[in-house]
>>> print(open('run_4.pdb').read())   # PDB, C-alpha atoms
ATOM      1  CA  MET Q  66     116.013  -5.161  -1.746
ATOM      2  CA  ALA Q  67     114.008  -5.012  -4.955
ATOM      3  CA  ASP Q  68     113.744  -8.277  -6.858
ATOM      4  CA  LEU Q  69     116.274  -8.904  -9.611
ATOM      5  CA  THR Q  70     113.751  -8.777 -12.477
ATOM      6  CA  ALA Q  71     112.678  -5.262 -11.483
ATOM      7  CA  LYS Q  72     116.337  -4.201 -11.173
ATOM      8  CA  ARG Q  73     117.208  -5.601 -14.619
ATOM      9  CA  THR Q  74     114.218  -3.833 -16.168
ATOM     10  CA  GLN Q  75     115.330  -0.584 -14.546
ATOM     11  CA  TRP Q  76     118.901  -0.957 -15.858
ATOM     12  CA  LEU Q  77     117.689  -1.894 -19.337
ATOM     13  CA  ARG Q  78     115.475   1.197 -19.575
ATOM     14  CA  GLY Q  79     118.586   3.375 -19.462
ATOM     15  CA  VAL Q  80     120.104   1.750 -22.515
ATOM     16  CA  LEU Q  81     117.007   0.479 -24.337
ATOM     17  CA  ASP Q  82     117.030   3.128 -27.074
ATOM     18  CA  LEU Q  83     120.681   2.430 -27.926
ATOM     19  CA  ALA Q  84     120.136  -1.352 -27.683
ATOM     20  CA  VAL Q  85     117.232  -1.097 -30.154
ATOM     21  CA  LEU Q  86     119.255   1.051 -32.561
ATOM     22  CA  ALA Q  87     122.151  -1.432 -32.280
ATOM     23  CA  LEU Q  88     119.920  -4.470 -32.947
ATOM     24  CA  LEU Q  89     118.350  -2.737 -35.938
ATOM     25  CA  ALA Q  90     121.818  -1.815 -37.245
ATOM     26  CA  GLU Q  91     122.508  -5.565 -37.557
ATOM     27  CA  ASN Q  92     119.776  -6.241 -40.117
ATOM     28  CA  GLY Q  93     118.329  -2.833 -40.890
ATOM     29  CA  GLU Q  94     114.752  -3.525 -39.817
ATOM     30  CA  ASP Q  95     112.549  -5.590 -37.503
ATOM     31  CA  TYR Q  96     109.209  -5.523 -35.687
ATOM     32  CA  GLY Q  97     108.314  -5.195 -32.005
ATOM     33  CA  TYR Q  98     107.903  -8.803 -30.930
ATOM     34  CA  ALA Q  99     111.028  -9.940 -32.831
ATOM     35  CA  LEU Q 100     113.025  -7.183 -31.097
ATOM     36  CA  LEU Q 101     111.766  -8.374 -27.697
ATOM     37  CA  GLN Q 102     112.952 -11.893 -28.546
ATOM     38  CA  ARG Q 103     116.320 -10.634 -29.765
ATOM     39  CA  LEU Q 104     116.803  -8.579 -26.580
ATOM     40  CA  GLU Q 105     116.131 -11.727 -24.559
ATOM     41  CA  GLN Q 106     118.523 -13.807 -26.699
ATOM     42  CA  ALA Q 107     121.163 -11.102 -26.215
ATOM     43  CA  GLY Q 108     120.951 -11.566 -22.433
ATOM     44  CA  LEU Q 109     118.715  -8.567 -21.789
ATOM     45  CA  PRO Q 110     115.493 -10.270 -20.659
ATOM     46  CA  ASP Q 111     112.282  -9.133 -18.964
ATOM     47  CA  MET Q 112     111.522  -6.211 -21.255
ATOM     48  CA  LYS Q 113     107.749  -5.796 -21.638
ATOM     49  CA  ALA Q 114     105.943  -4.991 -24.873
ATOM     50  CA  GLY Q 115     104.274  -2.158 -22.960
ATOM     51  CA  THR Q 116     107.657  -0.448 -22.514
ATOM     52  CA  LEU Q 117     109.224  -1.255 -25.898
ATOM     53  CA  TYR Q 118     106.380  -0.238 -28.253
ATOM     54  CA  PRO Q 119     105.986   3.369 -27.008
ATOM     55  CA  LEU Q 120     109.793   3.743 -27.152
ATOM     56  CA  LEU Q 121     109.916   2.475 -30.761
ATOM     57  CA  ASN Q 122     107.295   5.053 -31.699
ATOM     58  CA  ARG Q 123     109.239   7.754 -29.856
ATOM     59  CA  LEU Q 124     112.384   6.877 -31.866
ATOM     60  CA  ALA Q 125     110.287   6.953 -35.061
ATOM     61  CA  ALA Q 126     108.892  10.390 -34.139
ATOM     62  CA  ASP Q 127     112.468  11.598 -33.595
ATOM     63  CA  GLY Q 128     113.364  10.415 -37.109
ATOM     64  CA  LEU Q 129     115.777   7.692 -35.931
ATOM     65  CA  LEU Q 130     113.468   4.933 -37.212
ATOM     66  CA  GLN Q 131     110.842   4.731 -39.908
ATOM     67  CA  ALA Q 132     107.649   2.788 -39.150
ATOM     68  CA  GLN Q 133     105.814   0.755 -41.816
ATOM     69  CA  TRP Q 134     102.784  -1.501 -41.439
ATOM     70  CA  ARG Q 135     103.064  -4.601 -43.631
ATOM     71  CA  GLU Q 136     100.551  -7.310 -44.453
ATOM     72  CA  GLY Q 137     100.956 -10.481 -42.394
ATOM     73  CA  LYS Q 138     100.510 -13.933 -43.916
ATOM     74  CA  GLY Q 139      97.006 -14.731 -42.665
ATOM     75  CA  GLY Q 140      97.780 -12.626 -39.597
ATOM     76  CA  PRO Q 141      96.886  -9.129 -38.492
ATOM     77  CA  GLY Q 142      99.948  -7.424 -40.057
ATOM     78  CA  ARG Q 143     103.186  -6.298 -38.476
ATOM     79  CA  LYS Q 144     104.639  -2.890 -37.842
ATOM     80  CA  PHE Q 145     108.241  -2.867 -39.015
ATOM     81  CA  PHE Q 146     110.799  -0.331 -37.861
ATOM     82  CA  VAL Q 147     113.583   0.564 -40.278
ATOM     83  CA  LEU Q 148     116.783   2.276 -39.107
ATOM     84  CA  THR Q 149     117.226   5.653 -40.818
ATOM     85  CA  ASP Q 150     120.493   7.447 -41.608
ATOM     86  CA  GLU Q 151     119.741   9.702 -38.650
ATOM     87  CA  GLY Q 152     119.365   6.604 -36.454
ATOM     88  CA  ARG Q 153     122.732   5.257 -37.644
ATOM     89  CA  ALA Q 154     124.335   8.632 -36.932
ATOM     90  CA  ALA Q 155     122.818   8.682 -33.397
ATOM     91  CA  LEU Q 156     124.142   5.166 -32.740
ATOM     92  CA  ALA Q 157     127.597   6.145 -34.010
ATOM     93  CA  ALA Q 158     127.599   9.259 -31.801
ATOM     94  CA  TYR Q 159     126.190   7.850 -28.552
ATOM     95  CA  GLY Q 160     127.276   4.207 -28.801
ATOM     96  CA  PRO Q 161     130.941   4.802 -27.888
ATOM     97  CA  GLU Q 162     129.874   7.305 -25.194
ATOM     98  CA  TRP Q 163     127.612   4.658 -23.623
ATOM     99  CA  THR Q 164     130.350   2.028 -23.799
ATOM    100  CA  ALA Q 165     132.804   4.314 -21.980
ATOM    101  CA  PHE Q 166     130.117   5.165 -19.394
ATOM    102  CA  ALA Q 167     129.239   1.479 -18.853
ATOM    103  CA  LYS Q 168     132.940   0.546 -18.479
ATOM    104  CA  ALA Q 169     133.345   3.243 -15.808
ATOM    105  CA  ALA Q 170     130.226   1.994 -14.002
ATOM    106  CA  ILE Q 171     131.467  -1.617 -14.154
ATOM    107  CA  ALA Q 172     134.854  -0.571 -12.771
ATOM    108  CA  VAL Q 173     133.252   1.257  -9.826
ATOM    109  CA  VAL Q 174     130.936  -1.649  -8.986
ATOM    110  CA  GLU Q 175     133.759  -4.210  -9.322
ATOM    111  CA  ARG Q 176     136.020  -2.176  -7.016
ATOM    112  CA  GLY Q 177     133.276  -2.211  -4.375
ATOM    113  CA  VAL Q 178     132.402  -5.866  -4.840
ATOM    114  CA  ASN Q 179     136.049  -7.035  -4.693
ATOM    115  CA  ARG Q 180     136.998  -5.148  -1.529
TER     116      ARG Q 180
ATOM    117  CA  MET M   1      95.072 -16.909 -33.775
ATOM    118  CA  MET M   2      94.514 -15.166 -30.452
ATOM    119  CA  THR M   3      92.400 -12.027 -30.663
ATOM    120  CA  LEU M   4      92.434  -9.038 -28.349
ATOM    121  CA  ASP M   5      89.597  -9.221 -25.831
ATOM    122  CA  ARG M   6      86.982  -6.545 -26.349
ATOM    123  CA  LYS M   7      87.059  -5.322 -22.746
ATOM    124  CA  TYR M   8      90.797  -4.555 -22.854
ATOM    125  CA  ARG M   9      90.460  -2.930 -26.274
ATOM    126  CA  ASP M  10      87.543  -0.712 -25.204
ATOM    127  CA  GLU M  11      89.214   0.269 -21.931
ATOM    128  CA  LEU M  12      92.454   1.136 -23.728
ATOM    129  CA  ILE M  13      90.623   3.235 -26.345
ATOM    130  CA  LEU M  14      88.800   5.099 -23.547
ATOM    131  CA  ALA M  15      92.011   5.645 -21.560
ATOM    132  CA  LEU M  16      93.815   6.985 -24.653
ATOM    133  CA  ARG M  17      90.865   9.215 -25.563
ATOM    134  CA  LEU M  18      90.774  10.678 -22.057
ATOM    135  CA  ARG M  19      94.371  11.731 -22.613
ATOM    136  CA  ASP M  20      93.263  13.614 -25.744
ATOM    137  CA  ILE M  21      95.404  11.467 -28.045
ATOM    138  CA  SER M  22      94.532  11.758 -31.754
ATOM    139  CA  GLY M  23      92.317   9.115 -33.374
ATOM    140  CA  GLU M  24      95.121   8.295 -35.810
ATOM    141  CA  ARG M  25      97.511   7.501 -32.944
ATOM    142  CA  VAL M  26      94.826   5.599 -30.986
ATOM    143  CA  GLY M  27      94.236   3.406 -34.074
ATOM    144  CA  ASP M  28      97.980   2.766 -34.369
ATOM    145  CA  VAL M  29      98.337   1.783 -30.677
ATOM    146  CA  ILE M  30      95.332  -0.580 -30.843
ATOM    147  CA  ALA M  31      96.690  -2.183 -34.031
ATOM    148  CA  GLU M  32     100.078  -2.749 -32.324
ATOM    149  CA  VAL M  33      98.462  -4.411 -29.307
ATOM    150  CA  GLU M  34      96.201  -6.550 -31.518
ATOM    151  CA  ALA M  35      99.121  -7.661 -33.691
ATOM    152  CA  HIS M  36     101.277  -8.489 -30.651
ATOM    153  CA  VAL M  37      98.553 -10.498 -28.914
ATOM    154  CA  ALA M  38      97.674 -12.339 -32.143
ATOM    155  CA  GLU M  39     101.303 -13.363 -32.678
ATOM    156  CA  THR M  40     102.297 -14.222 -29.108
ATOM    157  CA  GLY M  41      99.029 -15.350 -27.528
ATOM    158  CA  GLU M  42     100.018 -13.290 -24.468
ATOM    159  CA  ASP M  43      97.486 -11.737 -22.128
ATOM    160  CA  PRO M  44      97.510  -7.994 -22.988
ATOM    161  CA  ARG M  45      97.326  -7.154 -19.251
ATOM    162  CA  VAL M  46     100.640  -8.982 -18.742
ATOM    163  CA  ALA M  47     102.381  -7.786 -21.935
ATOM    164  CA  PHE M  48     101.218  -4.147 -21.867
ATOM    165  CA  GLY M  49      99.878  -3.662 -18.337
ATOM    166  CA  PRO M  50      96.441  -2.369 -17.299
ATOM    167  CA  PRO M  51      94.851  -0.115 -19.987
ATOM    168  CA  LYS M  52      95.112   3.058 -17.859
ATOM    169  CA  GLU M  53      98.813   2.472 -17.152
ATOM    170  CA  TYR M  54      99.607   1.631 -20.785
ATOM    171  CA  ALA M  55      97.755   4.748 -21.990
ATOM    172  CA  ALA M  56      99.893   6.796 -19.568
ATOM    173  CA  LYS M  57     103.093   5.226 -20.981
ATOM    174  CA  VAL M  58     101.968   5.912 -24.559
ATOM    175  CA  ALA M  59     101.084   9.528 -23.723
ATOM    176  CA  GLU M  60     104.456  10.000 -21.977
ATOM    177  CA  GLN M  61     106.286   9.267 -25.248
ATOM    178  CA  LEU M  62     104.094  11.498 -27.438
ATOM    179  CA  ASP M  63     104.357  15.162 -28.249
ATOM    180  CA  THR M  64     102.480  17.627 -30.419
ATOM    181  CA  ARG M  65     104.001  16.134 -33.609
ATOM    182  CA  THR M  66     102.830  12.632 -32.787
ATOM    183  CA  GLY M  67      99.233  12.882 -31.719
ATOM    184  CA  LYS M  68      99.068  14.826 -28.458
ATOM    185  CA  PRO M  69      97.783  18.406 -28.677
ATOM    186  CA  SER M  70      99.484  21.063 -26.577
ATOM    187  CA  LYS M  71      97.677  22.052 -23.366
ATOM    188  CA  LEU M  72      97.589  25.657 -24.591
ATOM    189  CA  ARG M  73      95.855  24.598 -27.828
ATOM    190  CA  THR M  74      93.297  22.532 -25.914
ATOM    191  CA  VAL M  75      92.539  25.363 -23.491
ATOM    192  CA  VAL M  76      92.358  28.038 -26.216
ATOM    193  CA  GLY M  77      90.207  25.743 -28.404
ATOM    194  CA  THR M  78      87.753  24.970 -25.594
ATOM    195  CA  ILE M  79      87.446  28.621 -24.568
ATOM    196  CA  THR M  80      86.960  29.696 -28.208
ATOM    197  CA  VAL M  81      84.172  27.135 -28.766
ATOM    198  CA  GLY M  82      82.539  28.237 -25.489
ATOM    199  CA  VAL M  83      82.746  31.948 -26.359
ATOM    200  CA  LEU M  84      81.493  31.394 -29.920
ATOM    201  CA  SER M  85      78.566  29.266 -28.681
ATOM    202  CA  PHE M  86      77.656  31.802 -25.984
ATOM    203  CA  VAL M  87      77.925  34.841 -28.275
ATOM    204  CA  GLY M  88      76.187  32.992 -31.139
ATOM    205  CA  ALA M  89      73.237  31.761 -29.064
ATOM    206  CA  SER M  90      72.697  35.025 -27.163
ATOM    207  CA  MET M  91      72.976  37.182 -30.324
ATOM    208  CA  LEU M  92      70.631  34.913 -32.255
ATOM    209  CA  LEU M  93      68.036  34.909 -29.448
ATOM    210  CA  SER M  94      68.311  38.699 -29.037
ATOM    211  CA  ALA M  95      67.864  39.209 -32.796
ATOM    212  CA  LEU M  96      64.774  36.990 -32.866
ATOM    213  CA  GLN M  97      63.270  38.695 -29.775
ATOM    214  CA  ALA M  98      63.995  42.206 -31.132
ATOM    215  CA  ASP M  99      61.895  41.466 -34.220
ATOM    216  CA  GLY M 100      63.497  44.099 -36.407
ATOM    217  CA  ALA M 101      64.158  46.654 -33.629
ATOM    218  CA  LEU M 102      67.604  47.572 -32.226
ATOM    219  CA  VAL M 103      69.270  45.047 -29.872
ATOM    220  CA  PRO M 104      70.553  46.708 -26.661
ATOM    221  CA  VAL M 105      73.636  45.426 -24.812
ATOM    222  CA  THR M 106      73.414  46.339 -21.087
ATOM    223  CA  PRO M 107      76.064  46.286 -18.296
ATOM    224  CA  ALA M 108      74.304  43.202 -16.850
ATOM    225  CA  ASP M 109      74.637  41.428 -20.235
ATOM    226  CA  LEU M 110      78.388  42.067 -20.314
ATOM    227  CA  VAL M 111      78.925  40.879 -16.713
ATOM    228  CA  ALA M 112      76.865  37.725 -17.383
ATOM    229  CA  ALA M 113      78.976  37.022 -20.493
ATOM    230  CA  VAL M 114      82.225  37.514 -18.558
ATOM    231  CA  LEU M 115      80.978  35.239 -15.734
ATOM    232  CA  CYS M 116      80.066  32.543 -18.244
ATOM    233  CA  VAL M 117      83.454  32.624 -19.961
ATOM    234  CA  CYS M 118      85.586  33.122 -16.830
ATOM    235  CA  LEU M 119      83.765  30.703 -14.490
ATOM    236  CA  LEU M 120      81.525  28.194 -16.257
ATOM    237  CA  LEU M 121      84.013  27.234 -18.984
ATOM    238  CA  PRO M 122      86.924  26.627 -16.563
ATOM    239  CA  ALA M 123      84.452  24.801 -14.282
ATOM    240  CA  THR M 124      83.559  22.428 -17.139
ATOM    241  CA  MET M 125      87.237  21.857 -17.964
ATOM    242  CA  LEU M 126      88.090  21.236 -14.287
ATOM    243  CA  THR M 127      85.191  18.762 -13.977
ATOM    244  CA  PHE M 128      86.553  16.846 -16.969
ATOM    245  CA  ARG M 129      90.003  16.859 -15.350
ATOM    246  CA  ALA M 130      88.546  15.675 -12.020
ATOM    247  CA  ALA M 131      86.715  12.820 -13.755
ATOM    248  CA  THR M 132      89.724  11.685 -15.800
ATOM    249  CA  ALA M 133      92.593  12.264 -13.337
ATOM    250  CA  VAL M 134      94.335   9.033 -12.346
ATOM    251  CA  THR M 135      95.033  10.472  -8.900
ATOM    252  CA  GLY M 136      94.102  13.630  -7.038
ATOM    253  CA  GLY M 137      90.674  14.150  -8.613
ATOM    254  CA  ARG M 138      89.619  16.267  -5.596
ATOM    255  CA  LYS M 139      92.326  18.787  -6.465
ATOM    256  CA  TYR M 140      90.279  19.647  -9.578
ATOM    257  CA  GLY M 141      86.800  18.771  -8.277
ATOM    258  CA  VAL M 142      86.682  21.313  -5.430
ATOM    259  CA  PRO M 143      87.682  24.366  -7.550
ATOM    260  CA  ALA M 144      85.252  23.111 -10.266
ATOM    261  CA  ALA M 145      82.348  23.070  -7.771
ATOM    262  CA  ILE M 146      83.266  26.554  -6.493
ATOM    263  CA  ALA M 147      83.488  27.923 -10.054
ATOM    264  CA  TYR M 148      80.113  26.342 -10.963
ATOM    265  CA  ILE M 149      78.366  27.821  -7.921
ATOM    266  CA  ALA M 150      79.927  31.260  -8.518
ATOM    267  CA  GLY M 151      79.101  31.157 -12.249
ATOM    268  CA  VAL M 152      75.553  29.827 -12.001
ATOM    269  CA  GLY M 153      74.721  32.024  -9.023
ATOM    270  CA  GLY M 154      76.482  35.090 -10.398
ATOM    271  CA  MET M 155      74.665  35.243 -13.730
ATOM    272  CA  PRO M 156      71.108  35.826 -12.383
ATOM    273  CA  LEU M 157      72.567  37.975  -9.559
ATOM    274  CA  SER M 158      74.232  40.257 -12.101
ATOM    275  CA  LYS M 159      70.867  40.688 -13.848
ATOM    276  CA  LEU M 160      69.209  41.592 -10.522
ATOM    277  CA  LEU M 161      71.890  43.865  -9.091
ATOM    278  CA  LEU M 162      73.211  45.567 -12.212
ATOM    279  CA  ASP M 163      71.548  47.850 -14.706
ATOM    280  CA  ASP M 164      69.798  45.676 -17.268
ATOM    281  CA  GLU M 165      67.869  48.551 -18.896
ATOM    282  CA  THR M 166      70.378  51.156 -20.094
ATOM    283  CA  ALA M 167      72.137  50.103 -23.255
ATOM    284  CA  ILE M 168      75.907  50.603 -23.425
ATOM    285  CA  PHE M 169      75.543  50.228 -27.168
ATOM    286  CA  GLU M 170      72.912  49.009 -29.602
ATOM    287  CA  ILE M 171      73.192  46.955 -32.751
ATOM    288  CA  THR M 172      70.657  46.333 -35.477
ATOM    289  CA  SER M 173      68.807  43.012 -35.291
ATOM    290  CA  SER M 174      70.131  42.013 -38.728
ATOM    291  CA  MET M 175      73.694  42.619 -37.473
ATOM    292  CA  ALA M 176      72.952  40.574 -34.308
ATOM    293  CA  LEU M 177      71.512  37.811 -36.499
ATOM    294  CA  ALA M 178      74.609  37.809 -38.738
ATOM    295  CA  VAL M 179      77.041  37.830 -35.765
ATOM    296  CA  GLY M 180      75.029  35.052 -34.066
ATOM    297  CA  LEU M 181      75.002  32.856 -37.165
ATOM    298  CA  VAL M 182      78.706  33.365 -37.915
ATOM    299  CA  ALA M 183      79.666  32.630 -34.281
ATOM    300  CA  LEU M 184      77.549  29.464 -34.149
ATOM    301  CA  LEU M 185      78.903  28.322 -37.518
ATOM    302  CA  GLY M 186      82.444  28.895 -36.208
ATOM    303  CA  ALA M 187      81.678  26.800 -33.095
ATOM    304  CA  ILE M 188      80.200  23.994 -35.229
ATOM    305  CA  LEU M 189      83.259  24.009 -37.540
ATOM    306  CA  MET M 190      85.614  23.800 -34.559
ATOM    307  CA  LEU M 191      83.598  20.924 -33.059
ATOM    308  CA  TRP M 192      83.637  19.147 -36.450
ATOM    309  CA  GLN M 193      87.424  19.494 -36.546
ATOM    310  CA  ALA M 194      87.636  18.026 -33.029
ATOM    311  CA  ILE M 195      85.461  15.067 -34.108
ATOM    312  CA  ARG M 196      87.696  14.454 -37.147
ATOM    313  CA  TYR M 197      90.805  14.642 -34.916
ATOM    314  CA  GLY M 198      89.352  11.938 -32.652
ATOM    315  CA  ARG M 199      88.198   9.550 -35.387
ATOM    316  CA  ILE M 200      90.038   6.238 -34.982
ATOM    317  CA  VAL M 201      91.785   4.986 -38.127
ATOM    318  CA  ASP M 202      93.191   1.460 -38.497
ATOM    319  CA  PRO M 203      96.689   1.941 -40.015
ATOM    320  CA  ARG M 204      96.613  -1.569 -41.540
ATOM    321  CA  SER M 205      93.670  -0.768 -43.768
ATOM    322  CA  ALA M 206      93.567   3.045 -43.400
ATOM    323  CA  ARG M 207      89.871   2.557 -42.702
ATOM    324  CA  THR M 208      87.902   4.508 -40.142
ATOM    325  CA  ARG M 209      86.389   2.291 -37.464
TER     326      ARG M 209
END
>>> encode(input="run_4.pdb", output="structure tokens")
Amino acid sequence: MADLTAKRTQWLRGVLDLAVLALLAENGEDYGYALLQRLEQAGLPDMKAGTLYPLLNRLAADGLLQAQWREGKGGPGRKFFVLTDEGRAALAAYGPEWTAFAKAAIAVVERGVNR
Amino acid sequence: MMTLDRKYRDELILALRLRDISGERVGDVIAEVEAHVAETGEDPRVAFGPPKEYAAKVAEQLDTRTGKPSKLRTVVGTITVGVLSFVGASMLLSALQADGALVPVTPADLVAAVLCVCLLLPATMLTFRAATAVTGGRKYGVPAAIAYIAGVGGMPLSKLLLDDETAIFEITSSMALAVGLVALLGAILMLWQAIRYGRIVDPRSARTR
């Protein structure tokens, strides 16, 4: 059986785009490392920068986010991602669909586990 | 402040370049990795994975709008540069050798040109593929070797076996000179465009580096 960290990473990949859109909907914008920390705080750990950054750029290319480099205080600068109207619309459209899907998946797994 | 180690940076740039990713996008990816490492102090190999693997992940998420040219465009571009260089060089040489007389184009000339375009150019592209493929390099290497042997061997053979005396058509040396110069200029312009496409730009300062 694969180790739990690998399993969690696999599960998270399926919902990562929606999770990112949802986190950005809370405060409108954020940058890569802060999003990794917020995913961890939300109970979705083990996501690597090497998976998140290409996805953020994919969402930006699709018009769901807007990317902006900003000067850092004495640092190398940060790339912020801002949720666009299109991103909000995608979250509103797919968010409830995902929730229904996840509930169905939970119900199936629970039925099996509780037998 | 932790800085990105040069080895990782250079290997990542090379891996991204081998995937034909635009210089603008390469600069953006490097800036992201540098900023992340500076802020977290993490080892880039742990945070992003080995350079080759991270370049593959980056390329997976890109399309023609975001810094990855279409395969068709790459193939057509390479063939066009090859044809322009071949036509340009051979026309220019013929014009200079003719010294004001008419330049003949023989059946052997045409076959040699076709062999060059149809075998040597694909052979060069396949060799590049074989050298840059993450796995299965032999799949490209063997056809590349066959195409090279057929192309290199076929060109002098065509001159020996086919008629290289009778002209199918003739053009004036000034026309050959003009065609040669225009074709070479076209090839140089296309190569210049390719160099500009690959120039790495740091998005934080919009400077070329």
>>> interface_residues(input="run_4.pdb", of="chain M", to="chain Q", cutoff="6 Å", atoms="all atoms listed in the file", output="VMD selection string")
chain M and resid 35 47 to 48 58 61
>>> atom_distance(input="run_4.pdb", atom1="CA of Ala145 (chain M)", atom2="CA of Ser70 (chain M)")
25.5 Å
>>> atom_distance(input="run_4.pdb", atom1="CA of Glu105 (chain Q)", atom2="CA of Thr40 (chain M)")
14.8 Å
>>> closest_residue(input="run_4.pdb", among="M:Ile171, M:Glu165, M:Val117, M:Leu157", to="Leu84 (chain M)", atoms="only C-alpha atoms")
M:Val117
>>> resolve_selection(input="run_4.pdb", expression="the PyMOL selection byres ((chain M and resi 104-112) around 7)", output="number ranges by chain")
M: 102-103, 113-116, 155, 158-159, 162-171
>>> closest_residue(input="run_4.pdb", among="M:Ala15, M:Leu160, M:Val142, M:Leu191", to="Thr127 (chain M)", atoms="only C-alpha atoms")
M:Val142
>>> residues_around(input="run_4.pdb", residues="Thr80 (chain M)", least_positions_apart="2", cutoff="12 Å", atoms="only C-alpha atoms", output="PyMOL selection string")
chain M and resi 72-78+82-88+117-118+121+183-184+186-191
>>> closest_residue(input="run_4.pdb", among="Q:Leu69, Q:Leu104, Q:Asn179, Q:Leu83", to="Glu162 (chain Q)", atoms="all atoms listed in the file")
Q:Leu83
>>> resolve_selection(input="run_4.pdb", expression="the PyMOL selection byres ((chain Q and resi 149) around 6)", output="ChimeraX atom specification")
/Q:129-130,148,150-152
>>> resolve_selection(input="run_4.pdb", expression="the PyMOL selection byres ((chain M and resi 180) around 9)", output="PDB file with C-alpha atoms, in the coordinates of the input")
ATOM      1  CA  LEU M  84      81.493  31.394 -29.920  1.00  0.00           C
ATOM      2  CA  SER M  85      78.566  29.266 -28.681  1.00  0.00           C
ATOM      3  CA  VAL M  87      77.925  34.841 -28.275  1.00  0.00           C
ATOM      4  CA  GLY M  88      76.187  32.992 -31.139  1.00  0.00           C
ATOM      5  CA  ALA M  89      73.237  31.761 -29.064  1.00  0.00           C
ATOM      6  CA  SER M  90      72.697  35.025 -27.163  1.00  0.00           C
ATOM      7  CA  MET M  91      72.976  37.182 -30.324  1.00  0.00           C
ATOM      8  CA  LEU M  92      70.631  34.913 -32.255  1.00  0.00           C
ATOM      9  CA  LEU M  93      68.036  34.909 -29.448  1.00  0.00           C
ATOM     10  CA  ALA M  95      67.864  39.209 -32.796  1.00  0.00           C
ATOM     11  CA  MET M 175      73.694  42.619 -37.473  1.00  0.00           C
ATOM     12  CA  ALA M 176      72.952  40.574 -34.308  1.00  0.00           C
ATOM     13  CA  LEU M 177      71.512  37.811 -36.499  1.00  0.00           C
ATOM     14  CA  ALA M 178      74.609  37.809 -38.738  1.00  0.00           C
ATOM     15  CA  VAL M 179      77.041  37.830 -35.765  1.00  0.00           C
ATOM     16  CA  LEU M 181      75.002  32.856 -37.165  1.00  0.00           C
ATOM     17  CA  VAL M 182      78.706  33.365 -37.915  1.00  0.00           C
ATOM     18  CA  ALA M 183      79.666  32.630 -34.281  1.00  0.00           C
ATOM     19  CA  LEU M 184      77.549  29.464 -34.149  1.00  0.00           C
ATOM     20  CA  LEU M 185      78.903  28.322 -37.518  1.00  0.00           C
TER      21      LEU M 185
END
>>> closest_residue(input="run_4.pdb", among="M:His36, M:Thr172, M:Gly67, M:Leu16", to="Gly100 (chain M)", atoms="only C-alpha atoms")
M:Thr172
>>> closest_residue(input="run_4.pdb", among="Q:Leu101, Q:Ala172, Q:Ala154, Q:Ala165", to="Ala84 (chain Q)", atoms="all atoms listed in the file")
Q:Leu101
>>> atom_distance(input="run_4.pdb", atom1="CA of Thr74 (chain Q)", atom2="CA of Ala170 (chain Q)")
17.2 Å
>>> build_atoms(input="run_4.pdb", residues="region 92-103 of chain M", atoms="N, CA and C atoms", output="PDB file, in the coordinates of the input")
ATOM      1  N   LEU M  92      71.722  35.454 -31.438  1.00  0.00           N
ATOM      2  CA  LEU M  92      70.631  34.913 -32.255  1.00  0.00           C
ATOM      3  C   LEU M  92      69.294  35.092 -31.533  1.00  0.00           C
ATOM      4  N   LEU M  93      69.281  34.769 -30.231  1.00  0.00           N
ATOM      5  CA  LEU M  93      68.036  34.909 -29.448  1.00  0.00           C
ATOM      6  C   LEU M  93      67.609  36.375 -29.376  1.00  0.00           C
ATOM      7  N   SER M  94      68.612  37.271 -29.124  1.00  0.00           N
ATOM      8  CA  SER M  94      68.311  38.699 -29.037  1.00  0.00           C
ATOM      9  C   SER M  94      67.737  39.201 -30.357  1.00  0.00           C
ATOM     10  N   ALA M  95      68.322  38.768 -31.473  1.00  0.00           N
ATOM     11  CA  ALA M  95      67.864  39.209 -32.796  1.00  0.00           C
ATOM     12  C   ALA M  95      66.429  38.755 -33.035  1.00  0.00           C
ATOM     13  N   LEU M  96      66.125  37.520 -32.645  1.00  0.00           N
ATOM     14  CA  LEU M  96      64.774  36.990 -32.866  1.00  0.00           C
ATOM     15  C   LEU M  96      63.755  37.698 -31.974  1.00  0.00           C
ATOM     16  N   GLN M  97      64.183  38.007 -30.700  1.00  0.00           N
ATOM     17  CA  GLN M  97      63.270  38.695 -29.775  1.00  0.00           C
ATOM     18  C   GLN M  97      63.039  40.147 -30.208  1.00  0.00           C
ATOM     19  N   ALA M  98      64.091  40.790 -30.767  1.00  0.00           N
ATOM     20  CA  ALA M  98      63.995  42.206 -31.132  1.00  0.00           C
ATOM     21  C   ALA M  98      63.019  42.418 -32.284  1.00  0.00           C
ATOM     22  N   ASP M  99      62.857  41.437 -33.126  1.00  0.00           N
ATOM     23  CA  ASP M  99      61.895  41.466 -34.220  1.00  0.00           C
ATOM     24  C   ASP M  99      62.053  42.728 -35.074  1.00  0.00           C
ATOM     25  N   GLY M 100      63.250  42.974 -35.512  1.00  0.00           N
ATOM     26  CA  GLY M 100      63.497  44.099 -36.407  1.00  0.00           C
ATOM     27  C   GLY M 100      63.960  45.366 -35.699  1.00  0.00           C
ATOM     28  N   ALA M 101      63.729  45.457 -34.362  1.00  0.00           N
ATOM     29  CA  ALA M 101      64.158  46.654 -33.629  1.00  0.00           C
ATOM     30  C   ALA M 101      65.645  46.545 -33.281  1.00  0.00           C
ATOM     31  N   LEU M 102      66.186  47.607 -32.616  1.00  0.00           N
ATOM     32  CA  LEU M 102      67.604  47.572 -32.226  1.00  0.00           C
ATOM     33  C   LEU M 102      67.795  46.630 -31.033  1.00  0.00           C
ATOM     34  N   VAL M 103      68.969  45.969 -30.979  1.00  0.00           N
ATOM     35  CA  VAL M 103      69.270  45.047 -29.872  1.00  0.00           C
ATOM     36  C   VAL M 103      70.167  45.779 -28.874  1.00  0.00           C
TER      37      VAL M 103
END
